[in-house]
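Peer 1: Sharing a structure, written as structure tokens. Questions coming.
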Amino acid sequence: MSARTFPRIIRYRASTRIKHWIVAIGFVLAALSGLAMFHPSLFWLGNLFGGGTWTRLLHPFVGVAMLVAFALLAATVGGDNRMQRHDWQWLRGWREVVADRERELPEAGRYNAGQKLLYWLIVLCLVALLLSGIVIWRAYFSLFFPIELVRFAAVVHAIAATVLVCAIVVHVYAAIWVKGSVRAMTRGTVSPGWAWKHHHAWFREVLRGGGRD
Amino acid sequence: MALQSLDIVRRSATTTPSPQVREAHTGEVAKLIDVTKCIGCKACQVACMEWNDLRDEIGSCTGHYDNPADLSEHSWTLMRFSEHETAAGDLEWLIRKDGCMHCADPGCLKACPAPGAIVQYANGIVDFNEEHCIGCGYCVTGCPFDVPRISKKDHKAYKCTLCSDRVAVGLEPACVKTCPTGAIVFGTKDDMKRHAAERVEDLKSRGFEHAGLYDPAGVGGTHVMYVLHHADQPHLYADLPAEPKISAMVGLWKGMSKPLALFAIAATAFAGFLHYIGVGPNEVDEDDEAAARREMEETR
């Protein structure tokens, strides 16, 4: 029997993919404009936004837009990212994961423990960025906060942004490394073998008629 | 040669040296404000408005003599009036001319992310170049004296320039020029310190035992200094900070965090690259597909 008679498995429906890519574009724009204002050697990135003043103007609005889009995405994917007991066991075997020997680990559901931790790290960073970002948003809000809090918020914003950028670098790398993942987020489907190998518990759920996005 | 000063010792968000062949051979400058001689006439405020073509909005009385009530993008200097009752029961009216202190180690310049928006000249003056300002307000966050103000109209940062345009052509600042009691004097920093020492000695001989010069070391000294009757209690003078310095938070934000953050991001990306080179792509092979097909058939 040829593999073609087995249809591809739907992993992300169109609305999820669209939400993901709005968040992704928002993140890239927020990161580039933020880095422009963070380090002198990257100030030239502000030219992408029409200069330093436009960068300063746009950055917070882009950030808020990304956050709103993320909240919508989280409403869809958040439930599947709750940590469960077997996830911690999966994490203890991280060496097997990075060596491409995940077969020896507990089966992953729709998301594996690494993806879940990354998800919660991103949530944490975004909350920190939102709260500190409001405090350092000079045009509208900084006046309402004591100067020491503004200074503290600037540090928090820088740290949370750095952690978030690193987290997204890991996220993007994982998508490049695990072949078939990019297709899941661009066209929505994965091959049965992909689901079987990387998310076996989810694969079986799909076979039982569940596991819908 | 174009109209350029060639004496820029520090430039915001710039990591390479700026043109600085011209040095302050005659010494760094300073403005000395003798608070003990000030009569609160506000002529310095008027002179500042005139020279710099600034007109603040006419406000309303807020219950004290400060007028306007605060520094603003249009008011770069302001007399702040404080009432102080001495231990002997005497009332003292302490009048401090507030404005940019022109720190040797300026917190605003350290915090500024826009290359060249804030510069420090060889003579010590810290100046804002508003055409490079992006309006982020980081200078406000960095300043230990709460001096810079962001315009509501053009969203640029403004503050006292120490009349850098006048000083550049050998004139004294407008406020100095106009002060009727000689409470504000201008010269080299060394001369001003000498003059202050004489004033302090005189004040001490007249019963102000804690008289002294305010030239805070925490910001490397300032190019605007005060002679205070109560140098041991600077807070009496409208909350003048006793030991101003660039906040540790600003130091962390603009110091270690910058190289560390870029390193962390680059290292994460590089680690990913090395992992790909070392382990290779994580692919689904025919065995995986076959196993998946078997399992699908079993469930059917």
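Ordered as shown in the structure tokens, chains take letters A, B, and onward, while each chain numbers its residues from 1 and ligands are numbered from 1 in the order shown.
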For chain B, list the residues within 7 Å of chain A, counting only C-alpha atoms, and write the list as a PyMOL selection string.

Peer 2: chain B and resi 13-14+113+134-137+141+249-250+253+258+261+265+268-269+272+276+279+281-284+288-289+292+296+299

Peer 1: The selected residues should be written to file as a PDB file, in the first residue's frame (atoms: N, CA and C atoms).

Peer 2:
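What follows is the written file selection_25.pdb:
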ATOM      1  N   ALA B  13      25.281  57.318  22.891  1.00  0.00           N
ATOM      2  CA  ALA B  13      25.115  56.136  22.036  1.00  0.00           C
ATOM      3  C   ALA B  13      26.183  56.064  20.945  1.00  0.00           C
ATOM      4  N   THR B  14      27.400  56.422  21.306  1.00  0.00           N
ATOM      5  CA  THR B  14      28.493  56.408  20.348  1.00  0.00           C
ATOM      6  C   THR B  14      29.687  55.736  21.003  1.00  0.00           C
ATOM      7  N   PRO B 113      19.721  56.747  23.923  1.00  0.00           N
ATOM      8  CA  PRO B 113      19.978  55.727  22.896  1.00  0.00           C
ATOM      9  C   PRO B 113      20.240  56.315  21.513  1.00  0.00           C
ATOM     10  N   ILE B 134      15.161  61.419  19.743  1.00  0.00           N
ATOM     11  CA  ILE B 134      14.036  60.621  19.244  1.00  0.00           C
ATOM     12  C   ILE B 134      12.831  60.703  20.189  1.00  0.00           C
ATOM     13  N   GLY B 135      13.007  61.375  21.322  1.00  0.00           N
ATOM     14  CA  GLY B 135      11.866  61.619  22.210  1.00  0.00           C
ATOM     15  C   GLY B 135      11.507  60.481  23.143  1.00  0.00           C
ATOM     16  N   CYS B 136      12.442  59.587  23.409  1.00  0.00           N
ATOM     17  CA  CYS B 136      12.127  58.409  24.228  1.00  0.00           C
ATOM     18  C   CYS B 136      12.030  58.743  25.714  1.00  0.00           C
ATOM     19  N   GLY B 137      12.685  59.834  26.138  1.00  0.00           N
ATOM     20  CA  GLY B 137      12.643  60.198  27.547  1.00  0.00           C
ATOM     21  C   GLY B 137      13.618  59.430  28.422  1.00  0.00           C
ATOM     22  N   THR B 141      14.937  59.439  32.654  1.00  0.00           N
ATOM     23  CA  THR B 141      15.187  58.265  33.486  1.00  0.00           C
ATOM     24  C   THR B 141      16.605  58.290  34.042  1.00  0.00           C
ATOM     25  N   MET B 249      20.359  51.153  38.855  1.00  0.00           N
ATOM     26  CA  MET B 249      19.489  50.561  37.831  1.00  0.00           C
ATOM     27  C   MET B 249      19.904  51.043  36.436  1.00  0.00           C
ATOM     28  N   VAL B 250      20.152  52.356  36.343  1.00  0.00           N
ATOM     29  CA  VAL B 250      20.563  52.919  35.053  1.00  0.00           C
ATOM     30  C   VAL B 250      21.942  52.373  34.677  1.00  0.00           C
ATOM     31  N   TRP B 253      21.362  48.883  33.397  1.00  0.00           N
ATOM     32  CA  TRP B 253      20.623  48.938  32.127  1.00  0.00           C
ATOM     33  C   TRP B 253      21.540  49.380  30.992  1.00  0.00           C
ATOM     34  N   LYS B 258      23.892  45.600  28.248  1.00  0.00           N
ATOM     35  CA  LYS B 258      23.975  45.757  26.784  1.00  0.00           C
ATOM     36  C   LYS B 258      24.860  44.700  26.135  1.00  0.00           C
ATOM     37  N   ALA B 261      23.474  41.048  26.835  1.00  0.00           N
ATOM     38  CA  ALA B 261      22.265  40.677  26.091  1.00  0.00           C
ATOM     39  C   ALA B 261      22.624  40.298  24.650  1.00  0.00           C
ATOM     40  N   ILE B 265      22.158  36.527  22.920  1.00  0.00           N
ATOM     41  CA  ILE B 265      21.383  36.277  21.693  1.00  0.00           C
ATOM     42  C   ILE B 265      22.278  35.615  20.642  1.00  0.00           C
ATOM     43  N   THR B 268      23.136  32.015  21.636  1.00  0.00           N
ATOM     44  CA  THR B 268      22.010  31.090  21.435  1.00  0.00           C
ATOM     45  C   THR B 268      21.914  30.690  19.958  1.00  0.00           C
ATOM     46  N   ALA B 269      22.009  31.681  19.087  1.00  0.00           N
ATOM     47  CA  ALA B 269      21.926  31.399  17.648  1.00  0.00           C
ATOM     48  C   ALA B 269      23.101  30.526  17.207  1.00  0.00           C
ATOM     49  N   GLY B 272      22.727  26.924  18.241  1.00  0.00           N
ATOM     50  CA  GLY B 272      21.811  26.245  17.332  1.00  0.00           C
ATOM     51  C   GLY B 272      22.522  25.817  16.058  1.00  0.00           C
ATOM     52  N   TYR B 276      23.161  21.970  14.678  1.00  0.00           N
ATOM     53  CA  TYR B 276      22.735  21.490  13.357  1.00  0.00           C
ATOM     54  C   TYR B 276      23.892  20.829  12.626  1.00  0.00           C
ATOM     55  N   VAL B 279      24.664  17.440  14.863  1.00  0.00           N
ATOM     56  CA  VAL B 279      23.672  16.367  14.929  1.00  0.00           C
ATOM     57  C   VAL B 279      22.966  16.165  13.587  1.00  0.00           C
ATOM     58  N   PRO B 281      19.941  17.368  10.622  1.00  0.00           N
ATOM     59  CA  PRO B 281      18.506  17.608  10.714  1.00  0.00           C
ATOM     60  C   PRO B 281      17.771  16.432  11.352  1.00  0.00           C
ATOM     61  N   ASN B 282      16.696  16.756  12.032  1.00  0.00           N
ATOM     62  CA  ASN B 282      15.844  15.752  12.665  1.00  0.00           C
ATOM     63  C   ASN B 282      14.743  15.408  11.657  1.00  0.00           C
ATOM     64  N   GLU B 283      14.960  14.299  10.918  1.00  0.00           N
ATOM     65  CA  GLU B 283      14.025  13.971   9.844  1.00  0.00           C
ATOM     66  C   GLU B 283      13.180  12.755  10.178  1.00  0.00           C
ATOM     67  N   VAL B 284      12.053  12.690   9.522  1.00  0.00           N
ATOM     68  CA  VAL B 284      11.180  11.523   9.647  1.00  0.00           C
ATOM     69  C   VAL B 284      11.558  10.574   8.520  1.00  0.00           C
ATOM     70  N   ASP B 288       9.702   5.422  10.145  1.00  0.00           N
ATOM     71  CA  ASP B 288       8.716   6.140  10.959  1.00  0.00           C
ATOM     72  C   ASP B 288       7.368   6.172  10.250  1.00  0.00           C
ATOM     73  N   GLU B 289       7.411   6.463   8.939  1.00  0.00           N
ATOM     74  CA  GLU B 289       6.156   6.528   8.174  1.00  0.00           C
ATOM     75  C   GLU B 289       5.489   5.148   8.158  1.00  0.00           C
ATOM     76  N   ALA B 292       3.951   4.436  11.427  1.00  0.00           N
ATOM     77  CA  ALA B 292       2.723   5.225  11.563  1.00  0.00           C
ATOM     78  C   ALA B 292       1.591   4.571  10.782  1.00  0.00           C
ATOM     79  N   MET B 296      -1.970   3.157  12.064  1.00  0.00           N
ATOM     80  CA  MET B 296      -3.233   3.675  11.535  1.00  0.00           C
ATOM     81  C   MET B 296      -4.138   2.529  11.084  1.00  0.00           C
ATOM     82  N   THR B 299      -5.818   0.724  13.971  1.00  0.00           N
ATOM     83  CA  THR B 299      -6.926   1.448  14.605  1.00  0.00           C
ATOM     84  C   THR B 299      -8.173   1.474  13.726  1.00  0.00           C
TER      85      THR B 299
END

Peer 1: May I have the residues within 8 Å of Asp87 in chain A as a list in words, using only C-alpha atoms and disregarding those fewer than 4 positions away in the same chain?

Peer 2: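 Using only C-alpha atoms, the neighbours found are Met83, Leu91, Pro106, Ala108, Asn112 and Ala113 of chain A.
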
Peer 1: Limited to C-alpha atoms, could you put the picked residues into a file as a PDB file, in the first residue's frame?

Peer 2:
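Wrote it out as selection-v9.pdb, contents follow:
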ATOM      1  CA  MET A  83       2.549  20.766  32.146  1.00  0.00           C
ATOM      2  CA  LEU A  91      12.611  16.986  30.327  1.00  0.00           C
ATOM      3  CA  PRO A 106       7.761   9.243  27.300  1.00  0.00           C
ATOM      4  CA  ALA A 108       4.660  13.616  23.830  1.00  0.00           C
ATOM      5  CA  ASN A 112       6.294  18.170  24.131  1.00  0.00           C
ATOM      6  CA  ALA A 113       7.624  19.391  27.457  1.00  0.00           C
TER       7      ALA A 113
END

Peer 1: Give me, as a ChimeraX atom specification, all polymer residues having an atom no more than 10 Å from Ser75 in chain B, counting only C-alpha atoms and skipping those fewer than 4 positions away in the same chain.

Peer 2: /B:45-46,48-49,52,54-57,67-71,99,149,158-160

Peer 1: For the selection you just gave me, I'd like the residues written to a file as an mmCIF file, in the first residue's frame, keeping N, CA and C atoms.

Peer 2:
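The resulting file, again_11.cif, is reproduced below:
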data_model
loop_
_atom_site.group_PDB
_atom_site.id
_atom_site.type_symbol
_atom_site.label_atom_id
_atom_site.label_comp_id
_atom_site.auth_asym_id
_atom_site.auth_seq_id
_atom_site.Cartn_x
_atom_site.Cartn_y
_atom_site.Cartn_z
ATOM 1 N N GLN B 45 15.566 83.992 35.381
ATOM 2 C CA GLN B 45 14.544 83.294 34.590
ATOM 3 C C GLN B 45 14.175 84.125 33.359
ATOM 4 N N VAL B 46 14.071 85.435 33.588
ATOM 5 C CA VAL B 46 13.693 86.319 32.480
ATOM 6 C C VAL B 46 14.808 86.357 31.442
ATOM 7 N N CYS B 48 16.964 84.109 30.795
ATOM 8 C CA CYS B 48 16.978 82.814 30.118
ATOM 9 C C CYS B 48 15.907 82.783 29.022
ATOM 10 N N MET B 49 14.721 83.285 29.375
ATOM 11 C CA MET B 49 13.628 83.346 28.391
ATOM 12 C C MET B 49 14.011 84.216 27.209
ATOM 13 N N ASN B 52 17.071 82.735 25.055
ATOM 14 C CA ASN B 52 16.732 81.490 24.359
ATOM 15 C C ASN B 52 15.404 81.541 23.607
ATOM 16 N N LEU B 54 12.298 81.795 24.726
ATOM 17 C CA LEU B 54 11.336 80.852 25.304
ATOM 18 C C LEU B 54 10.248 81.628 26.028
ATOM 19 N N ARG B 55 9.015 81.222 25.863
ATOM 20 C CA ARG B 55 7.920 81.823 26.628
ATOM 21 C C ARG B 55 7.046 80.706 27.146
ATOM 22 N N ASP B 56 7.049 80.516 28.465
ATOM 23 C CA ASP B 56 6.218 79.464 29.043
ATOM 24 C C ASP B 56 4.774 79.959 29.121
ATOM 25 N N GLU B 57 3.868 79.031 29.276
ATOM 26 C CA GLU B 57 2.470 79.410 29.464
ATOM 27 C C GLU B 57 2.318 80.118 30.799
ATOM 28 N N ASN B 67 7.468 80.245 40.327
ATOM 29 C CA ASN B 67 6.676 80.643 39.170
ATOM 30 C C ASN B 67 7.564 80.626 37.928
ATOM 31 N N PRO B 68 7.289 79.725 36.991
ATOM 32 C CA PRO B 68 6.233 78.707 36.959
ATOM 33 C C PRO B 68 6.434 77.652 38.056
ATOM 34 N N ALA B 69 5.477 76.744 38.179
ATOM 35 C CA ALA B 69 5.510 75.796 39.286
ATOM 36 C C ALA B 69 6.629 74.773 39.143
ATOM 37 N N ASP B 70 7.068 74.546 37.914
ATOM 38 C CA ASP B 70 8.095 73.517 37.706
ATOM 39 C C ASP B 70 8.898 73.866 36.453
ATOM 40 N N LEU B 71 10.050 73.203 36.322
ATOM 41 C CA LEU B 71 10.802 73.312 35.075
ATOM 42 C C LEU B 71 9.927 72.770 33.943
ATOM 43 N N GLY B 99 17.993 73.920 37.757
ATOM 44 C CA GLY B 99 18.246 73.764 36.325
ATOM 45 C C GLY B 99 19.298 72.692 36.142
ATOM 46 N N ARG B 149 13.085 67.902 30.339
ATOM 47 C CA ARG B 149 11.633 67.910 30.140
ATOM 48 C C ARG B 149 11.346 67.627 28.672
ATOM 49 N N TYR B 158 14.331 68.963 26.384
ATOM 50 C CA TYR B 158 14.951 70.283 26.523
ATOM 51 C C TYR B 158 15.456 70.489 27.942
ATOM 52 N N LYS B 159 16.503 71.315 28.037
ATOM 53 C CA LYS B 159 17.036 71.708 29.347
ATOM 54 C C LYS B 159 18.010 72.859 29.144
ATOM 55 N N CYS B 160 18.513 73.392 30.258
ATOM 56 C CA CYS B 160 19.514 74.460 30.238
ATOM 57 C C CYS B 160 20.733 74.042 29.415
#

Peer 1: Just the residues within 8 Å of Met79 in chain B, please, counting only C-alpha atoms, with nothing from its chain fewer than 4 positions along; format it as an MDAnalysis selection string.

Peer 2: chainID B and resid 40 42 45 66:67 95:98

Peer 1: Give me the residues near Arg22 in chain B as number ranges by chain, where near means some atom within 10 Å (using only C-alpha atoms) and where sequence neighbours in that chain fewer than 3 positions away do not count.

Peer 2: B: 5-9, 19, 25, 121-123

Peer 1: Mind dumping the selected residues with C-alpha atoms as a PDB file, in the first residue's frame?

Peer 2:
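Generated file (selection25.pdb):
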ATOM      1  CA  SER B   5      32.848  72.635  17.537  1.00  0.00           C
ATOM      2  CA  LEU B   6      35.536  69.895  17.343  1.00  0.00           C
ATOM      3  CA  ASP B   7      35.587  69.673  21.135  1.00  0.00           C
ATOM      4  CA  ILE B   8      33.152  66.851  21.854  1.00  0.00           C
ATOM      5  CA  VAL B   9      34.539  64.621  24.605  1.00  0.00           C
ATOM      6  CA  PRO B  19      36.068  65.123  16.907  1.00  0.00           C
ATOM      7  CA  HIS B  25      43.200  74.713  27.473  1.00  0.00           C
ATOM      8  CA  TYR B 121      32.005  69.516  25.326  1.00  0.00           C
ATOM      9  CA  ALA B 122      35.604  69.743  26.468  1.00  0.00           C
ATOM     10  CA  ASN B 123      34.656  72.729  28.642  1.00  0.00           C
TER      11      ASN B 123
END

Peer 1: Can you work out the spacing between CA of Ala248 in chain B and CA of Ala217 in chain B in Å, to one decimal?

Peer 2: 15.6 Å

Peer 1: May I ask which of the residues B:Val29, B:Ser72, B:Asp154, B:Gly63 is the closest one to Gly170 in chain B, counting only C-alpha atoms?

Peer 2: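 Closest candidate: B:Val29.
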